[in-house]
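For reference, final17.txt is printed below; it contains compact mmCIF, C-alpha atoms.
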```txt
# COMPACT_ATOMS: atom_id res chain seq x y z
CA MET W 1 41.77 -33.90 2.73
CA THR W 2 45.42 -32.87 2.76
CA PRO W 3 46.62 -30.12 5.12
CA SER W 4 47.30 -27.81 2.19
CA ARG W 5 43.80 -28.25 0.80
CA LEU W 6 42.33 -27.75 4.24
CA ALA W 7 44.30 -24.51 4.64
CA ARG W 8 43.18 -23.28 1.22
CA GLY W 9 39.57 -24.14 2.00
CA THR W 10 39.71 -22.36 5.31
CA ALA W 11 41.23 -19.27 3.68
CA LEU W 12 38.56 -19.23 0.97
CA ALA W 13 35.78 -19.60 3.54
CA SER W 14 37.22 -16.78 5.62
CA ALA W 15 37.51 -14.54 2.56
CA ALA W 16 33.92 -15.31 1.61
CA ALA W 17 32.72 -14.47 5.13
CA LEU W 18 34.43 -11.06 5.27
CA PRO W 19 31.82 -9.20 3.16
CA ALA W 20 29.03 -10.64 5.29
CA LEU W 21 30.77 -9.61 8.50
CA ALA W 22 31.41 -6.13 7.12
CA ALA W 23 27.76 -5.81 6.15
CA LEU W 24 26.67 -6.91 9.61
CA HIS W 25 29.04 -4.41 11.24
CA ALA W 26 27.76 -1.55 9.08
CA ALA W 27 24.05 -2.42 9.06
CA PRO W 28 23.04 0.17 11.70
CA VAL W 29 24.48 2.93 9.50
CA ILE W 30 21.03 3.12 7.92
CA SER W 31 19.95 5.08 11.00
CA THR W 32 22.22 7.93 9.84
CA PHE W 33 19.56 8.99 7.31
CA GLY W 34 17.48 11.50 9.25
CA PRO W 35 14.08 11.29 7.50
CA LEU W 36 14.08 7.49 7.73
CA ARG W 37 15.24 7.54 11.35
CA ASN W 38 12.62 10.07 12.39
CA ARG W 39 9.89 8.05 10.75
CA VAL W 40 10.69 4.45 11.75
CA MET W 41 13.14 4.77 14.67
CA PRO W 42 11.51 7.31 16.99
CA ARG W 43 13.38 6.27 20.14
CA LEU W 44 16.77 6.44 18.44
CA ALA W 45 15.83 9.81 16.93
CA GLY W 46 14.84 11.16 20.34
CA GLN W 47 11.14 11.67 19.62
CA GLY W 48 9.52 12.70 22.90
CA ARG W 49 6.30 14.20 24.16
CA PRO W 50 4.75 16.73 21.76
CA ASP W 51 4.90 19.72 24.12
CA HIS W 52 8.64 19.35 24.75
CA ILE W 53 11.91 19.92 22.89
CA ALA W 54 15.13 18.19 23.96
CA LEU W 55 18.14 20.51 23.67
CA THR W 56 21.45 18.68 23.22
CA PHE W 57 25.08 19.69 22.65
CA ASP W 58 28.00 17.66 21.33
CA ASP W 59 31.82 17.81 21.40
CA GLY W 60 32.47 19.54 24.73
CA PRO W 61 33.48 20.37 27.28
CA ASP W 62 35.79 23.21 26.32
CA HIS W 63 37.12 25.62 28.90
CA LEU W 64 36.83 28.54 26.46
CA SER W 65 33.38 28.01 24.95
CA THR W 66 31.28 25.82 27.24
CA PRO W 67 31.07 28.33 30.15
CA HIS W 68 29.34 30.81 27.82
CA PHE W 69 26.63 28.26 27.05
CA LEU W 70 26.20 27.44 30.72
CA THR W 71 25.80 31.12 31.54
CA LEU W 72 23.18 31.63 28.82
CA LEU W 73 21.23 28.54 29.79
CA GLU W 74 21.28 29.54 33.45
CA ALA W 75 19.94 32.97 32.57
CA ARG W 76 17.15 31.36 30.57
CA ARG W 77 16.49 28.72 33.24
CA VAL W 78 16.94 25.94 30.71
CA ARG W 79 18.63 22.59 31.27
CA ALA W 80 20.13 20.57 28.42
CA THR W 81 21.89 17.30 27.67
CA PHE W 82 25.63 17.51 26.93
CA PHE W 83 27.28 14.63 25.07
CA LEU W 84 30.92 14.83 26.17
CA LEU W 85 34.08 13.64 24.48
CA GLY W 86 36.43 11.94 26.90
CA SER W 87 39.45 13.53 25.24
CA MET W 88 37.96 16.99 25.82
CA LEU W 89 36.85 16.11 29.34
CA SER W 90 40.39 15.15 30.30
CA ARG W 91 41.55 18.64 29.34
CA SER W 92 38.59 20.61 30.71
CA PRO W 93 37.01 18.83 33.69
CA GLY W 94 35.90 22.10 35.31
CA PRO W 95 33.08 22.92 32.88
CA ALA W 96 31.78 19.36 33.18
CA LYS W 97 31.59 19.71 36.95
CA ASP W 98 29.78 23.01 36.46
CA MET W 99 27.30 21.32 34.11
CA ALA W 100 26.50 18.67 36.68
CA ALA W 101 26.20 21.22 39.49
CA ALA W 102 23.77 23.28 37.37
CA GLY W 103 21.51 20.27 36.82
CA HIS W 104 22.32 19.51 33.20
CA GLU W 105 22.29 15.93 31.95
CA ILE W 106 25.72 14.54 31.09
CA ALA W 107 26.07 11.85 28.42
CA VAL W 108 28.80 10.15 26.38
CA HIS W 109 30.04 11.04 22.89
CA GLY W 110 32.97 8.62 22.97
CA TRP W 111 36.60 9.25 23.85
CA HIS W 112 37.84 10.28 20.41
CA HIS W 113 35.71 11.87 17.71
CA ARG W 114 36.41 9.18 15.15
CA PRO W 115 33.98 7.17 13.00
CA LEU W 116 33.01 3.93 14.69
CA LEU W 117 32.62 2.35 11.27
CA LEU W 118 36.41 2.12 11.11
CA ARG W 119 36.73 0.38 14.48
CA GLY W 120 36.35 -3.21 15.50
CA PRO W 121 34.36 -4.50 18.46
CA ARG W 122 37.21 -4.33 20.97
CA ALA W 123 38.31 -0.82 20.03
CA THR W 124 34.70 0.37 20.09
CA TYR W 125 34.07 -1.07 23.53
CA ASP W 126 37.31 0.36 24.95
CA ASP W 127 36.52 3.84 23.59
CA LEU W 128 33.02 3.93 25.05
CA ALA W 129 34.05 2.40 28.36
CA ARG W 130 36.89 4.86 28.80
CA ALA W 131 34.60 7.81 28.12
CA ARG W 132 31.82 6.47 30.34
CA ASP W 133 34.20 5.96 33.24
CA ALA W 134 35.71 9.43 32.83
CA VAL W 135 32.29 11.08 32.91
CA ALA W 136 31.35 9.13 36.02
CA ASP W 137 34.62 10.03 37.75
CA VAL W 138 34.35 13.76 37.01
CA THR W 139 30.62 14.29 37.57
CA GLY W 140 29.99 11.62 40.20
CA THR W 141 27.10 10.13 38.20
CA PRO W 142 27.36 7.24 35.71
CA PRO W 143 26.00 8.38 32.32
CA THR W 144 23.20 6.45 30.64
CA LEU W 145 23.07 7.95 27.13
CA PHE W 146 25.45 7.70 24.17
CA ARG W 147 25.64 9.54 20.86
CA PRO W 148 28.19 8.27 18.33
CA PRO W 149 30.54 10.62 16.48
CA TYR W 150 28.93 11.78 13.23
CA GLY W 151 25.77 9.94 14.27
CA VAL W 152 27.11 6.71 12.74
CA LEU W 153 26.23 3.57 14.69
CA THR W 154 27.56 0.07 14.15
CA THR W 155 26.65 -3.36 15.43
CA ALA W 156 29.74 -3.25 17.64
CA ALA W 157 28.57 0.05 19.12
CA HIS W 158 25.14 -1.37 19.92
CA LEU W 159 26.70 -4.37 21.64
CA ALA W 160 29.12 -2.16 23.60
CA CYS W 161 26.26 0.06 24.74
CA ARG W 162 24.35 -2.96 25.97
CA ARG W 163 27.33 -4.13 28.03
CA LEU W 164 28.00 -0.66 29.42
CA GLY W 165 24.42 0.29 30.28
CA LEU W 166 24.24 3.03 27.65
CA THR W 167 21.31 3.87 25.37
CA PRO W 168 22.06 5.39 21.93
CA VAL W 169 20.23 8.60 21.04
CA LEU W 170 20.66 10.67 17.88
CA TRP W 171 18.50 13.69 16.94
CA THR W 172 15.56 14.84 14.82
CA CYS W 173 17.11 18.12 13.64
CA TRP W 174 20.37 20.02 13.75
CA GLY W 175 21.68 23.48 13.05
CA GLU W 176 24.62 22.63 10.77
CA ASP W 177 26.48 24.96 13.09
CA TRP W 178 29.85 23.33 12.46
CA ARG W 179 30.18 24.93 9.02
CA GLY W 180 32.50 27.86 8.48
CA ARG W 181 29.82 29.70 6.49
CA ALA W 182 27.12 29.24 9.16
CA THR W 183 25.52 32.36 10.62
CA PRO W 184 23.23 32.77 13.64
CA ARG W 185 20.31 33.11 11.27
CA SER W 186 21.23 30.05 9.19
CA VAL W 187 21.62 27.95 12.34
CA ARG W 188 18.25 29.07 13.66
CA ASP W 189 16.51 28.58 10.32
CA THR W 190 18.04 25.13 9.80
CA VAL W 191 16.90 23.98 13.23
CA LEU W 192 13.40 25.37 12.87
CA ARG W 193 12.93 24.03 9.35
CA ASP W 194 12.65 20.48 10.67
CA LEU W 195 11.71 21.07 14.31
CA ARG W 196 8.40 19.68 15.50
CA GLY W 197 6.99 19.16 18.96
CA GLY W 198 8.79 16.22 20.57
CA GLY W 199 11.94 16.85 18.58
CA THR W 200 15.58 16.63 19.70
CA VAL W 201 17.92 19.43 18.62
CA LEU W 202 21.64 18.88 18.00
CA LEU W 203 24.03 21.82 18.45
CA HIS W 204 27.71 22.10 19.44
CA ASP W 205 29.23 23.86 22.45
CA SER W 206 32.77 23.32 21.16
CA ASP W 207 34.53 23.74 17.83
CA CYS W 208 36.99 20.90 18.35
CA THR W 209 35.67 19.17 15.22
CA SER W 210 33.98 22.22 13.66
CA ALA W 211 35.09 25.41 11.97
CA THR W 212 37.23 27.53 14.25
CA GLY W 213 35.07 29.87 16.31
CA SER W 214 31.83 28.30 15.12
CA TRP W 215 30.67 27.97 18.72
CA ARG W 216 30.15 31.75 18.77
CA THR W 217 27.66 31.40 15.94
CA THR W 218 25.80 28.69 17.84
CA LEU W 219 25.77 30.79 20.99
CA ALA W 220 24.28 33.74 19.09
CA ALA W 221 21.60 31.55 17.51
CA LEU W 222 20.52 29.85 20.72
CA PRO W 223 18.35 32.65 22.20
CA ARG W 224 16.39 32.90 18.96
CA ILE W 225 15.78 29.15 18.94
CA LEU W 226 14.64 29.20 22.58
CA ASP W 227 12.36 32.18 21.91
CA THR W 228 10.69 30.39 19.00
CA CYS W 229 10.15 27.28 21.09
CA GLY W 230 8.48 29.42 23.75
CA ASP W 231 6.30 31.14 21.16
CA ARG W 232 5.13 27.75 19.92
CA GLY W 233 4.26 26.56 23.41
CA TRP W 234 7.11 24.07 23.72
CA GLN W 235 9.06 23.50 26.89
CA VAL W 236 12.80 23.00 26.44
CA GLY W 237 14.86 20.65 28.56
CA PRO W 238 17.16 17.61 28.69
CA LEU W 239 16.46 14.19 27.25
CA ARG W 240 15.71 12.77 30.69
CA GLU W 241 12.58 14.97 30.77
CA HIS W 242 11.66 14.41 27.12
CA GLY W 243 9.41 11.40 27.60
CA VAL W 244 11.07 9.19 25.00
CA PRO W 245 9.64 5.65 25.44
CA GLY W 246 12.33 3.29 26.71
CA LEU W 247 14.85 6.03 27.46
CA PRO W 248 16.32 6.24 31.01
CA ARG W 249 14.79 9.00 33.12
```

Would you give me this structure, written as structure tokens?
Amino acid sequence: MTPSRLARGTALASAAALPALAALHAAPVISTFGPLRNRVMPRLAGQGRPDHIALTFDDGPDHLSTPHFLTLLEARRVRATFFLLGSMLSRSPGPAKDMAAAGHEIAVHGWHHRPLLLRGPRATYDDLARARDAVADVTGTPPTLFRPPYGVLTTAAHLACRRLGLTPVLWTCWGEDWRGRATPRSVRDTVLRDLRGGGTVLLHDSDCTSATGSWRTTLAALPRILDTCGDRGWQVGPLREHGVPGLPR
């Protein structure tokens, strides 16, 4: 075979392999679909013991909004899991230190809030590693949990988590509290519509990727959500107390 034919053959083989590689990279995106995830991927969804609800927050810390959530949770004697963005942590390390001191669980949401589907393996690993190291430096404890931006996982993200000692966790229900038209009642009703014992709730303690001021809506909805959980006999706490099989405790 001549060098030119060999080069053409190699190029054609590479072109043919690209769709397969792309499909492999994107395969875990199927877990984005909540009903399917809750039914067939209970660990990834955060399904825990039936008398407990895991309360989780994304996109912080923020020096303006996060302290209000910490104050409310302290008054209610509730601990939660906070999935932190490294880019936010670098600007507001104080609230993260306060979280750790108050006994909340600190986890990783990545460094930048960008879809992992658009990143290759190296960029994915670097983003997660940078965020993990920042959380460990600020709080003094290496994190063990990871939630991807937008809940979109990739094969590269799974491999990076394995190397970094992180376990991916998504959620069973959310409040859609990032929307500009959200109200305290809509957030509460959206959470409770799908909430069952053993569920994991996703809310946001920052509006860095949400409608401006939306954190105030979440903050107003939170007492009503906690009250309903109490009325239904559910304890509320962080993921480390949730009893998810295979999840670090």

Shortest contact to Cys208 (chain W), candidates W:Pro142, W:Pro67, W:Gly243, W:Gly60, atoms counted only C-alpha atoms, goes to W:Gly60

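One finds CA of Arg77 (chain W) at 22.0 Å from CA of Thr141 (chain W).
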
Would you give me, as CSV, each residue of region 33-119 of chain W having an atom within 12 Å of an atom of region 163-184 of chain W, along with its shortest atom pair and that distance in Å to one decimal, using all atoms listed in the file and sorting by chain and residue number?
```
residue,atom,partner,partner_atom,distance
W:Phe33,CA,W:Thr172,CA,10.3
W:Gly34,CA,W:Thr172,CA,6.8
W:Pro35,CA,W:Thr172,CA,8.3
W:Leu36,CA,W:Thr172,CA,10.3
W:Arg37,CA,W:Thr172,CA,8.1
W:Asn38,CA,W:Thr172,CA,6.1
W:Arg39,CA,W:Thr172,CA,9.7
W:Val40,CA,W:Thr172,CA,11.9
W:Met41,CA,W:Leu170,CA,10.1
W:Pro42,CA,W:Thr172,CA,8.8
W:Arg43,CA,W:Val169,CA,7.3
W:Leu44,CA,W:Val169,CA,4.8
W:Ala45,CA,W:Trp171,CA,4.7
W:Gly46,CA,W:Trp171,CA,5.6
W:Gln47,CA,W:Thr172,CA,7.3
W:Gly48,CA,W:Thr172,CA,10.3
W:Ile53,CA,W:Thr172,CA,10.2
W:Ala54,CA,W:Trp171,CA,9.0
W:Leu55,CA,W:Trp171,CA,9.6
W:Thr56,CA,W:Trp171,CA,8.5
W:Phe57,CA,W:Trp174,CA,10.1
W:Asp58,CA,W:Trp178,CA,10.7
W:Asp59,CA,W:Trp178,CA,10.7
W:Thr81,CA,W:Val169,CA,11.1
W:Phe82,CA,W:Val169,CA,12.0
W:Phe83,CA,W:Val169,CA,10.1
W:Ala107,CA,W:Leu166,CA,9.0
W:Val108,CA,W:Leu166,CA,8.5
W:His109,CA,W:Pro168,CA,9.8
W:Gly110,CA,W:Leu166,CA,11.4
```

To one decimal place in Å, what is the distance between CA of Ala160 (chain W) and CA of Tyr125 (chain W)?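 These two atoms are separated by 5.1 Å.
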
Taking every listed atom of region 169-176 of chain W and adding 6 Å to each side, what centre and edge lengths in Å (one decimal) does the axis-aligned box have, as lines of an AutoDock Vina configuration file?
```
center_x = 20.1
center_y = 16.0
center_z = 15.9
size_x = 21.1
size_y = 26.9
size_z = 22.3
```

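Taking CA of Gly86 (chain W) as the reference point, CA of Arg162 (chain W) is found at 19.2 Å.
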
Nearest to Asp51 (chain W) by atom-to-atom distance, counting all atoms listed in the file, from W:Val236, W:Val135, W:Leu116, W:Ala101: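 Nearest candidate to Asp51 (chain W) out of W:Val236, W:Val135, W:Leu116, W:Ala101: W:Val236.
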
I'd like to know which of W:Leu219, W:Leu247, W:Leu153, W:Arg240 is closest to Leu117 (chain W), using only C-alpha atoms.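 Among W:Leu219, W:Leu247, W:Leu153, W:Arg240, it is W:Leu153 that comes nearest to Leu117 (chain W).
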
With a distance cut-off of 10 Å and all atoms listed in the file, select the neighbouring residues of Cys161 (chain W), excluding the residue or stretch itself and same-chain residues fewer than 6 positions from it, and output the selection as an mmCIF file with C-alpha atoms, in the frame of the given file.
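Heads up, here's the output in result_16.cif:
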```
data_model
loop_
_atom_site.group_PDB
_atom_site.id
_atom_site.type_symbol
_atom_site.label_atom_id
_atom_site.label_comp_id
_atom_site.auth_asym_id
_atom_site.auth_seq_id
_atom_site.Cartn_x
_atom_site.Cartn_y
_atom_site.Cartn_z
ATOM 1 C CA THR W 124 34.700 0.370 20.090
ATOM 2 C CA TYR W 125 34.070 -1.070 23.530
ATOM 3 C CA LEU W 128 33.020 3.930 25.050
ATOM 4 C CA ALA W 129 34.050 2.400 28.360
ATOM 5 C CA THR W 144 23.200 6.450 30.640
ATOM 6 C CA LEU W 145 23.070 7.950 27.130
ATOM 7 C CA PHE W 146 25.450 7.700 24.170
ATOM 8 C CA THR W 155 26.650 -3.360 15.430
ATOM 9 C CA THR W 167 21.310 3.870 25.370
ATOM 10 C CA PRO W 168 22.060 5.390 21.930
#
```

Find the residues near Gln235 (chain W): any atom within 12 Å, counting only C-alpha atoms, skip ones fewer than 4 places away on the same chain, and give them as a PyMOL selection string. chain W and resi 48-55+76-80+197-200+225-231+239+241-242

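Nearest to Leu202 (chain W) of all the residues W:Leu70, W:Arg147, W:Ala131, W:Thr139 is W:Arg147, counting all atoms listed in the file.
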
Let me make sure I understand: among W:Leu195, W:Met99, W:Val152, W:Leu203, which one has the smallest atom-to-atom distance to Ala220 (chain W) if we use only C-alpha atoms? W:Leu203
